[in-house]
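*Asks:* Input file: query19.txt. Contents: compact mmCIF, C-alpha atoms and all ligand atoms.
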# COMPACT_ATOMS: atom_id res chain seq x y z
CA MET U 1 58.61 43.58 52.75
CA ALA U 2 60.13 41.11 50.28
CA ASP U 3 63.81 41.12 49.29
CA LYS U 4 64.37 43.51 46.39
CA VAL U 5 66.19 42.30 43.26
CA ILE U 6 67.70 44.56 40.61
CA ALA U 7 68.31 42.60 37.39
CA VAL U 8 71.48 43.07 35.43
CA ALA U 9 73.13 42.13 32.16
CA ASP U 10 76.55 40.68 32.92
CA HIS U 11 79.51 41.58 30.71
CA ARG U 12 82.09 38.79 30.92
CA TYR U 13 82.06 36.94 34.23
CA ARG U 14 79.01 35.63 35.99
CA ALA U 15 77.85 38.08 38.58
CA SER U 16 74.30 38.52 39.71
CA ALA U 17 73.03 41.62 41.39
CA PRO U 18 73.00 41.06 45.14
CA LEU U 19 69.74 40.80 47.01
CA ILE U 20 68.84 43.77 49.14
CA PRO U 21 67.68 42.39 52.50
CA ALA U 22 64.31 43.43 53.82
CA ARG U 23 65.94 44.70 57.02
CA LEU U 24 68.49 47.42 56.44
CA ASP U 25 70.75 46.96 59.47
CA ALA U 26 73.36 49.72 59.67
CA PRO U 27 77.02 48.63 59.35
CA THR U 28 78.71 48.01 62.72
CA GLY U 29 82.33 48.19 61.57
CA VAL U 30 82.79 44.44 61.89
CA LEU U 31 81.81 41.73 59.42
CA LEU U 32 82.87 38.10 59.85
CA ASP U 33 82.54 35.34 57.28
CA THR U 34 81.68 31.70 57.96
CA LEU U 35 85.33 31.03 58.90
CA LYS U 36 85.35 34.05 61.27
CA ARG U 37 87.56 36.05 58.90
CA PRO U 38 86.94 39.82 59.21
CA LEU U 39 86.59 42.12 56.20
CA ARG U 40 89.53 44.54 56.43
CA ASP U 41 91.16 45.00 53.04
CA LEU U 42 89.57 46.20 49.79
CA ARG U 43 91.44 45.99 46.48
CA ILE U 44 90.03 48.13 43.74
CA SER U 45 90.89 47.54 40.10
CA VAL U 46 90.68 50.89 38.34
CA THR U 47 91.42 49.65 34.82
CA ASP U 48 91.69 46.30 33.04
CA ARG U 49 94.37 47.70 30.70
CA CYS U 50 98.10 47.35 31.11
CA ASN U 51 101.12 48.40 29.07
CA PHE U 52 102.99 45.18 30.01
CA ARG U 53 102.27 41.71 28.68
CA CYS U 54 103.78 39.51 31.41
CA SER U 55 103.23 35.95 30.28
CA TYR U 56 101.93 34.84 33.69
CA CYS U 57 99.24 37.53 33.77
CA MET U 58 98.32 39.02 30.37
CA PRO U 59 100.03 36.86 27.74
CA LYS U 60 100.41 38.61 24.38
CA GLU U 61 98.79 35.77 22.46
CA VAL U 62 95.49 36.36 24.32
CA PHE U 63 95.67 40.07 25.10
CA ASP U 64 96.55 41.18 21.60
CA ARG U 65 95.40 44.06 19.45
CA ASP U 66 92.00 42.44 18.93
CA TYR U 67 91.28 41.88 22.62
CA ALA U 68 88.18 43.76 23.72
CA PHE U 69 88.99 45.65 26.87
CA LEU U 70 86.12 47.14 28.82
CA PRO U 71 84.53 50.25 27.33
CA GLN U 72 84.85 53.43 29.39
CA SER U 73 81.13 53.37 30.20
CA SER U 74 81.53 50.02 31.98
CA LEU U 75 84.13 51.31 34.38
CA LEU U 76 83.03 52.58 37.74
CA THR U 77 83.48 56.34 37.84
CA PHE U 78 85.60 57.82 40.63
CA GLU U 79 82.43 58.98 42.35
CA GLU U 80 80.98 55.46 42.18
CA ILE U 81 84.21 53.91 43.47
CA VAL U 82 84.31 56.27 46.43
CA ARG U 83 80.67 55.69 47.21
CA VAL U 84 81.17 51.92 47.34
CA ALA U 85 84.48 52.23 49.19
CA ARG U 86 82.82 54.35 51.88
CA LEU U 87 80.31 51.55 52.52
CA PHE U 88 83.11 48.97 52.79
CA VAL U 89 84.89 51.23 55.26
CA ALA U 90 81.71 51.38 57.33
CA HIS U 91 81.82 47.58 57.38
CA GLY U 92 85.36 47.56 58.77
CA VAL U 93 87.74 48.02 55.84
CA GLY U 94 90.81 49.96 56.95
CA LYS U 95 93.06 49.39 53.97
CA ILE U 96 92.44 50.18 50.32
CA ARG U 97 94.79 49.15 47.53
CA LEU U 98 94.37 50.53 44.01
CA THR U 99 95.40 48.09 41.36
CA GLY U 100 94.46 46.77 37.93
CA GLY U 101 95.57 46.37 35.09
CA GLU U 102 98.07 49.12 35.50
CA PRO U 103 96.38 51.66 37.79
CA LEU U 104 98.58 54.57 36.71
CA LEU U 105 97.09 54.27 33.21
CA ARG U 106 93.73 55.44 34.55
CA ARG U 107 93.48 59.11 33.73
CA ASP U 108 93.54 61.54 36.68
CA LEU U 109 94.09 58.77 39.20
CA GLU U 110 95.38 61.41 41.61
CA ARG U 111 91.84 62.76 41.80
CA LEU U 112 90.55 59.37 42.97
CA VAL U 113 93.40 59.11 45.47
CA ALA U 114 92.49 62.52 46.88
CA MET U 115 88.83 61.50 47.22
CA LEU U 116 89.69 58.20 48.95
CA ALA U 117 92.18 59.94 51.24
CA GLU U 118 89.27 61.88 52.73
CA LEU U 119 87.65 58.70 54.05
CA ARG U 120 88.03 57.82 57.71
CA GLY U 121 87.88 54.32 59.15
CA ALA U 122 85.37 53.10 61.69
CA ASP U 123 87.96 54.17 64.33
CA GLY U 124 88.08 57.70 62.88
CA MET U 125 91.60 57.15 61.56
CA PRO U 126 92.76 57.74 57.96
CA LEU U 127 92.86 54.61 55.81
CA ASP U 128 95.98 52.75 54.82
CA LEU U 129 95.82 53.88 51.17
CA THR U 130 98.19 52.17 48.81
CA LEU U 131 98.73 51.25 45.18
CA THR U 132 100.34 48.41 43.23
CA THR U 133 102.07 49.42 40.02
CA ASN U 134 104.47 48.10 37.42
CA GLY U 135 106.42 51.31 37.98
CA SER U 136 106.59 52.24 34.31
CA ILE U 137 105.28 55.77 34.79
CA LEU U 138 105.85 56.10 38.51
CA GLU U 139 108.73 58.52 38.13
CA ARG U 140 106.34 61.01 36.56
CA LYS U 141 103.50 60.38 39.00
CA ALA U 142 105.07 59.79 42.43
CA ALA U 143 105.07 63.35 43.76
CA ALA U 144 101.49 64.05 42.61
CA LEU U 145 100.23 60.80 44.14
CA LYS U 146 101.86 61.65 47.45
CA ALA U 147 100.43 65.17 47.37
CA ALA U 148 96.97 63.69 46.72
CA GLY U 149 97.22 61.59 49.87
CA LEU U 150 98.57 58.20 48.78
CA GLY U 151 100.34 56.49 51.67
CA ARG U 152 102.72 54.07 49.98
CA VAL U 153 103.33 51.98 46.88
CA THR U 154 104.19 48.41 45.94
CA VAL U 155 106.18 48.09 42.73
CA SER U 156 106.24 44.88 40.71
CA LEU U 157 109.67 44.04 39.31
CA ASP U 158 110.49 40.58 38.01
CA ALA U 159 114.19 41.02 37.15
CA ILE U 160 117.05 43.45 37.62
CA ASP U 161 118.83 42.37 34.44
CA ASP U 162 117.54 44.54 31.61
CA ARG U 163 117.41 41.74 29.05
CA ILE U 164 115.47 39.42 31.32
CA PHE U 165 113.19 42.22 32.48
CA ARG U 166 112.29 43.16 28.91
CA ARG U 167 111.51 39.51 28.22
CA MET U 168 109.36 39.23 31.36
CA ASN U 169 107.24 42.30 30.57
CA ASP U 170 107.14 41.29 26.88
CA ALA U 171 106.74 44.93 25.96
CA ASP U 172 110.46 45.66 25.62
CA PHE U 173 110.23 48.00 28.59
CA PRO U 174 113.61 48.91 30.13
CA VAL U 175 114.31 48.17 33.80
CA ALA U 176 116.02 51.55 34.30
CA ASP U 177 112.69 53.38 34.05
CA VAL U 178 111.14 51.24 36.81
CA LEU U 179 114.20 51.73 39.02
CA ARG U 180 113.88 55.50 38.54
CA GLY U 181 110.20 55.13 39.51
CA ILE U 182 111.18 53.38 42.75
CA ASP U 183 113.70 56.15 43.49
CA ALA U 184 111.07 58.80 42.84
CA ALA U 185 108.61 57.05 45.14
CA GLU U 186 111.25 56.94 47.87
CA ARG U 187 112.00 60.65 47.43
CA ALA U 188 108.30 61.48 47.50
CA GLY U 189 107.89 59.63 50.82
CA LEU U 190 105.69 56.82 49.49
CA GLY U 191 107.24 54.30 51.86
CA PRO U 192 107.66 51.77 53.25
CA ILE U 193 108.06 50.62 49.64
CA LYS U 194 107.58 47.01 48.68
CA VAL U 195 109.09 45.51 45.55
CA ASN U 196 107.36 42.33 44.40
CA MET U 197 108.97 39.75 42.15
CA VAL U 198 106.94 36.88 40.74
CA VAL U 199 109.26 33.89 40.44
CA LYS U 200 108.77 31.47 37.58
CA ARG U 201 111.14 28.52 37.70
CA GLY U 202 113.31 28.35 34.60
CA THR U 203 112.24 31.81 33.45
CA ASN U 204 113.50 34.38 35.99
CA ASP U 205 114.58 32.41 39.08
CA GLU U 206 118.23 33.15 38.28
CA GLN U 207 117.35 36.76 39.18
CA ILE U 208 116.55 36.02 42.84
CA LEU U 209 120.05 36.63 44.10
CA PRO U 210 120.84 39.60 41.80
CA MET U 211 117.59 41.23 43.01
CA ALA U 212 118.56 40.65 46.65
CA ARG U 213 122.04 42.04 45.99
CA HIS U 214 120.66 45.09 44.24
CA PHE U 215 118.22 46.10 46.98
CA ARG U 216 120.22 44.93 50.02
CA GLY U 217 121.05 47.93 52.20
CA ARG U 218 117.99 49.90 51.05
CA ASP U 219 115.10 50.57 53.36
CA LEU U 220 112.49 48.59 51.45
CA ALA U 221 110.96 45.12 51.43
CA LEU U 222 111.85 42.84 48.53
CA ARG U 223 109.20 40.15 48.28
CA PHE U 224 109.18 36.99 46.22
CA ILE U 225 105.78 35.70 45.08
CA GLU U 226 105.13 32.14 44.02
CA TYR U 227 103.75 31.93 40.49
CA MET U 228 100.01 31.31 40.88
CA ASP U 229 97.31 29.57 38.86
CA VAL U 230 95.13 32.68 38.63
CA GLY U 231 92.87 33.18 35.63
CA ALA U 232 92.61 30.82 32.70
CA THR U 233 95.10 32.17 30.18
CA ASN U 234 98.61 31.79 31.59
CA GLY U 235 99.07 28.03 31.05
CA TRP U 236 100.15 27.57 34.69
CA ARG U 237 102.12 24.46 35.58
CA MET U 238 103.10 23.32 39.05
CA ASP U 239 106.64 22.52 37.92
CA GLU U 240 107.15 26.22 37.13
CA VAL U 241 106.47 27.19 40.74
CA LEU U 242 109.63 27.72 42.76
CA PRO U 243 108.72 27.24 46.43
CA SER U 244 109.55 30.13 48.78
CA SER U 245 111.68 27.80 50.88
CA GLU U 246 114.03 27.56 47.90
CA VAL U 247 114.12 31.37 47.55
CA VAL U 248 115.09 31.74 51.21
CA ARG U 249 117.68 28.99 50.89
CA ARG U 250 119.33 30.65 47.88
CA ILE U 251 119.48 34.11 49.47
CA GLY U 252 120.49 32.64 52.82
CA GLU U 253 123.50 30.98 51.23
CA ALA U 254 124.80 34.39 50.20
CA PHE U 255 123.58 36.51 53.12
CA ALA U 256 122.58 35.25 56.58
CA LEU U 257 118.89 35.98 57.27
CA GLU U 258 116.91 36.25 60.52
CA PRO U 259 113.11 35.77 60.67
CA LEU U 260 110.89 38.74 61.52
CA PRO U 261 107.43 38.56 63.15
CA PRO U 262 104.33 39.28 60.99
CA ALA U 263 103.83 43.03 60.51
CA ALA U 264 100.02 42.87 60.77
CA PRO U 265 97.20 40.34 61.22
CA GLY U 266 96.36 38.75 57.88
CA GLU U 267 99.90 39.49 56.64
CA THR U 268 100.48 37.33 53.56
CA ALA U 269 104.28 37.47 53.62
CA GLU U 270 106.81 35.71 55.78
CA ARG U 271 109.58 38.17 56.56
CA TRP U 272 113.32 38.14 57.13
CA ARG U 273 116.02 40.74 57.75
CA TYR U 274 119.69 40.59 57.04
CA ALA U 275 121.55 39.24 60.05
CA GLU U 276 124.50 41.54 59.43
CA ARG U 277 124.17 44.46 61.82
CA GLY U 278 123.29 47.81 60.32
CA VAL U 279 122.31 46.43 56.88
CA ALA U 280 118.91 47.80 55.90
CA GLY U 281 116.42 45.84 53.81
CA GLU U 282 113.84 43.18 54.28
CA ILE U 283 113.12 39.96 52.41
CA GLY U 284 109.58 38.62 52.20
CA THR U 285 108.08 35.51 50.64
CA ILE U 286 104.48 35.04 49.59
CA SER U 287 103.83 31.33 49.40
CA SER U 288 100.36 31.30 47.91
CA VAL U 289 100.95 27.86 46.39
CA SER U 290 103.31 25.97 48.72
CA HIS U 291 101.85 27.36 51.96
CA ALA U 292 98.35 28.67 51.39
CA PHE U 293 97.09 31.35 53.75
CA CYS U 294 93.33 31.39 53.25
CA GLY U 295 92.83 31.06 57.01
CA ASP U 296 93.34 34.73 57.64
CA CYS U 297 92.40 36.18 54.26
CA ASN U 298 90.56 39.43 54.98
CA ARG U 299 90.47 40.75 51.41
CA ALA U 300 87.66 41.62 49.05
CA ARG U 301 88.18 42.72 45.46
CA LEU U 302 86.17 45.22 43.44
CA SER U 303 86.58 44.72 39.70
CA THR U 304 86.98 47.49 37.17
CA GLU U 305 83.27 47.34 36.39
CA GLY U 306 82.11 47.15 39.98
CA LYS U 307 81.79 43.45 40.64
CA LEU U 308 82.74 42.20 44.04
CA PHE U 309 84.92 39.09 44.21
CA LEU U 310 85.77 37.37 47.46
CA CYS U 311 88.72 35.32 46.27
CA LEU U 312 91.50 35.77 43.72
CA PHE U 313 90.50 32.39 42.33
CA ALA U 314 86.78 33.08 42.10
CA SER U 315 84.75 32.53 38.97
CA ARG U 316 81.67 34.44 40.11
CA GLY U 317 81.23 37.91 41.46
CA HIS U 318 78.48 40.07 42.90
CA ASP U 319 77.40 42.94 40.71
CA LEU U 320 77.48 45.98 42.96
CA ARG U 321 77.42 48.32 39.97
CA ALA U 322 73.94 47.07 39.22
CA LEU U 323 72.86 48.38 42.61
CA VAL U 324 74.82 51.62 42.30
CA ARG U 325 73.40 52.39 38.84
CA GLY U 326 70.01 50.89 39.61
CA GLY U 327 69.05 53.50 42.14
CA ALA U 328 69.76 51.65 45.40
CA SER U 329 70.42 53.82 48.44
CA ASP U 330 73.64 53.67 50.50
CA ALA U 331 71.74 51.84 53.25
CA GLU U 332 70.49 49.27 50.73
CA ILE U 333 73.93 48.68 49.20
CA ALA U 334 75.58 48.39 52.62
CA ALA U 335 72.90 45.92 53.70
CA ALA U 336 73.42 43.91 50.50
CA ILE U 337 77.18 43.64 51.14
CA ARG U 338 76.69 42.17 54.61
CA PRO U 339 75.30 38.72 53.70
CA ILE U 340 77.77 38.38 50.83
CA TRP U 341 80.67 38.57 53.28
CA GLU U 342 78.87 36.69 56.05
CA GLN U 343 78.25 33.74 53.71
CA ARG U 344 81.83 33.67 52.39
CA ALA U 345 83.40 30.23 52.74
CA ASP U 346 86.00 30.10 49.95
CA ARG U 347 89.53 28.86 50.60
CA TYR U 348 90.71 27.98 47.13
CA SER U 349 94.46 27.93 47.78
CA GLU U 350 94.09 25.50 50.66
CA LEU U 351 92.03 23.18 48.48
CA ARG U 352 94.15 23.63 45.32
CA GLY U 353 94.25 20.44 43.29
CA ARG U 354 91.32 18.84 45.10
CA ALA U 355 87.96 18.35 43.45
CA GLU U 356 86.17 20.79 45.75
CA ALA U 357 88.66 23.62 44.96
CA GLY U 358 86.71 25.00 42.02
CA ASP U 359 83.29 24.83 40.49
CA GLY U 360 84.62 24.06 37.02
CA GLU U 361 83.77 27.53 35.73
CA ARG U 362 86.28 29.82 34.05
CA ARG U 363 88.25 31.70 36.68
CA VAL U 364 88.38 35.45 36.61
CA GLU U 365 91.58 37.08 35.26
CA MET U 366 93.83 38.94 37.67
CA HIS U 367 94.10 42.16 35.66
CA TYR U 368 90.29 42.37 35.80
CA ILE U 369 89.75 41.91 39.53
CA GLY U 370 93.07 43.41 40.53
CA GLY U 371 96.16 41.70 41.86
N1 LIG H 1 99.99 46.45 37.02
C1 LIG H 1 100.20 46.45 38.41
C2 LIG H 1 101.48 45.72 38.75
O1 LIG H 1 102.19 45.29 37.84
O2 LIG H 1 101.80 45.61 39.92
C3 LIG H 1 99.06 45.92 39.27
C4 LIG H 1 98.31 44.73 38.79
S1 LIG H 1 99.22 43.21 38.75
C5 LIG H 1 97.96 42.10 38.25
C6 LIG H 1 99.45 42.90 40.46
C7 LIG H 1 100.47 41.86 40.82
O3 LIG H 1 99.98 40.59 40.47
C8 LIG H 1 101.81 42.01 40.16
O4 LIG H 1 102.83 42.01 41.13
C9 LIG H 1 101.91 40.78 39.32
O5 LIG H 1 103.23 40.37 39.18
C10 LIG H 1 101.08 39.80 40.12
N2 LIG H 1 100.65 38.63 39.35
C11 LIG H 1 99.94 38.60 38.20
N3 LIG H 1 99.75 37.34 37.78
C12 LIG H 1 100.32 36.54 38.71
C13 LIG H 1 100.48 35.13 38.83
N4 LIG H 1 100.00 34.28 37.91
N5 LIG H 1 101.12 34.65 39.91
C14 LIG H 1 101.63 35.50 40.84
N6 LIG H 1 101.52 36.84 40.78
C15 LIG H 1 100.90 37.35 39.71
Turn the structure described in the file into structure tokens.
*Replies:*
Amino acid sequence: MADKVIAVADHRYRASAPLIPARLDAPTGVLLDTLKRPLRDLRISVTDRCNFRCSYCMPKEVFDRDYAFLPQSSLLTFEEIVRVARLFVAHGVGKIRLTGGEPLLRRDLERLVAMLAELRGADGMPLDLTLTTNGSILERKAAALKAAGLGRVTVSLDAIDDRIFRRMNDADFPVADVLRGIDAAERAGLGPIKVNMVVKRGTNDEQILPMARHFRGRDLALRFIEYMDVGATNGWRMDEVLPSSEVVRRIGEAFALEPLPPAAPGETAERWRYAERGVAGEIGTISSVSHAFCGDCNRARLSTEGKLFLCLFASRGHDLRALVRGGASDAEIAAAIRPIWEQRADRYSELRGRAEAGDGERRVEMHYIGG
């Protein structure tokens, strides 16, 4: 039998419908790419919309009132998301992160969480089910998300000073609401909580120490992320990247730090604890620019409209929605996913700046494939 092709009309990024192999081998729970990296982590973008306009992600000048976000009919339905997620789990995924856009803007997200919480990994264990949010409506949602089966949350927070925070989100959103969201998540038991701060030199780097001071003594991980050259709209410049080593130096000058071992294989963060005995809190750094970590990247990303991307810096995806809506069976879709991962060779961050790093095509935006 010949390979079967389902044709598709692509919406905004190039993505062809994957080939369905002639042989439909059942998933074995382990998929390795050309660099022997296993598929373990699936990030699912549930909406391309966000109520913030952070300049490094969705700058106001581009994502303005006239910007055409995806129509509802383009979005994968919850049933479609769960169907695809189940196939990824059969291939070895043990962790699912819901993201976006702002995932809490997707209506009835708790229903999707409850459906995903039913899935069991290849080892029969529940999945590590988590969500990344800007925290703006977390206070309202935390208890319901927990009740639906969400394991934990990561909250993005780029400043503790209200004036700087409002400037960073460019939507005049007050920091107090996000802090109340973090408190609510803690109360609901959505821990261990991570708080992520993107550091842009000259814009919010003065907030590194105030952030550390604010969260020091609390049982959560405060992580500093190097500003990345994702997408094509944020006007990224290398001189606006503050290397993680500088973050650690600044905090270390105020509070002695001790390194911690990686929490899990494929862990993207380097971790520290406060050396002072009995002081809770963890510091993490994610050095995607100064110290690329493609070598153990085990993540795949499913866009809001069901395209599979294998790298945050990709320009092309694989249109799984075309298979889902084109009548392919579970066995066919699972078999189509296998060669996509097995042929994966990308390591953009390690090659950053070199000619072979990109193919010259427009890179996909982060709010679309999910951060
Ligand atoms: N709206 C949710 C949120 O704010 O967490 C989820 C989506 S957001 C795209 C996910 C994460 O990506 C956020 O922590 C955000 O700060 C980060 N991010 C977006 N653009 C980035 C960039 N250029 N460099 C580094 N991190 C970035």
*Asks:* From the options U:Leu308, U:Val155, U:Ala176, U:Cys297, which residue's atoms come nearest to Ala269 (chain U), counting all atoms listed in the file?
*Replies:*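 That would be U:Cys297, the residue with the smallest distance to Ala269 (chain U).
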*Asks:* Go ahead and compute the interatomic distance for CA of Val175 (chain U) and CA of Ile160 (chain U), in Å to one decimal.
*Replies:*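 CA of Val175 (chain U) sits 6.7 Å away from CA of Ile160 (chain U).
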*Asks:* Name the residues, by chain letter and number, that sit within 9 Å of ligand LIG 1 (chain H) using only C-alpha atoms and all ligand atoms, and give them as JSON, numbers by chain.
*Replies:* {"U": [45, 48, 49, 50, 51, 52, 54, 55, 56, 57, 58, 98, 99, 100, 101, 102, 103, 104, 131, 132, 133, 134, 135, 136, 154, 155, 156, 157, 158, 195, 196, 197, 198, 199, 200, 225, 226, 227, 228, 229, 230, 231, 234, 236, 288, 365, 366, 367, 368, 369, 370, 371]}
*Asks:* Please compute the CA of Leu209 (chain U)-CA of Gly252 (chain U) distance, one decimal, in Å.
*Replies:*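 Straight-line distance from CA of Leu209 (chain U) to CA of Gly252 (chain U) works out to 9.6 Å.
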*Asks:* One number please: CA of Asp330 (chain U) to CA of Ala122 (chain U), in Å, one decimal.
*Replies:* 16.2 Å
*Asks:* Would you be able to write out as a VMD selection string which residues have an atom within 12 Å of (114.3, 60.7, 43.6) in the file's coordinates, counting all atoms listed in the file?
*Replies:* chain U and resid 138 to 143 179 to 190
*Asks:* As a PyMOL selection string, please: the residues near Gly278 (chain U) (cut-off 12 Å, all atoms listed in the file, same-chain neighbours under 4 positions excluded).
*Replies:* chain U and resi 216-219+273-274
*Asks:* Counting all atoms listed in the file, which residue out of U:Glu253, U:Glu79, U:Asp123, U:Asp64 sits closest to Ala212 (chain U)?
*Replies:*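 Result for the nearest residue to Ala212 (chain U): U:Glu253.
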*Asks:* Would you list the contacts of Ala68 (chain U) as number ranges by chain, taking every protein, DNA or RNA residue within 12 Å and counting all atoms listed in the file, but skipping same-chain residues closer than 2 positions in sequence?
*Replies:* U: 11-12, 48-49, 62-66, 70-72
*Asks:* Nearest to Arg362 (chain U) among U:Met211, U:Ala314, U:Leu150, U:Leu242, with distances taken over all atoms listed in the file: which residue is it?
*Replies:*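 Ranking U:Met211, U:Ala314, U:Leu150, U:Leu242 by distance to Arg362 (chain U), first place goes to U:Ala314.
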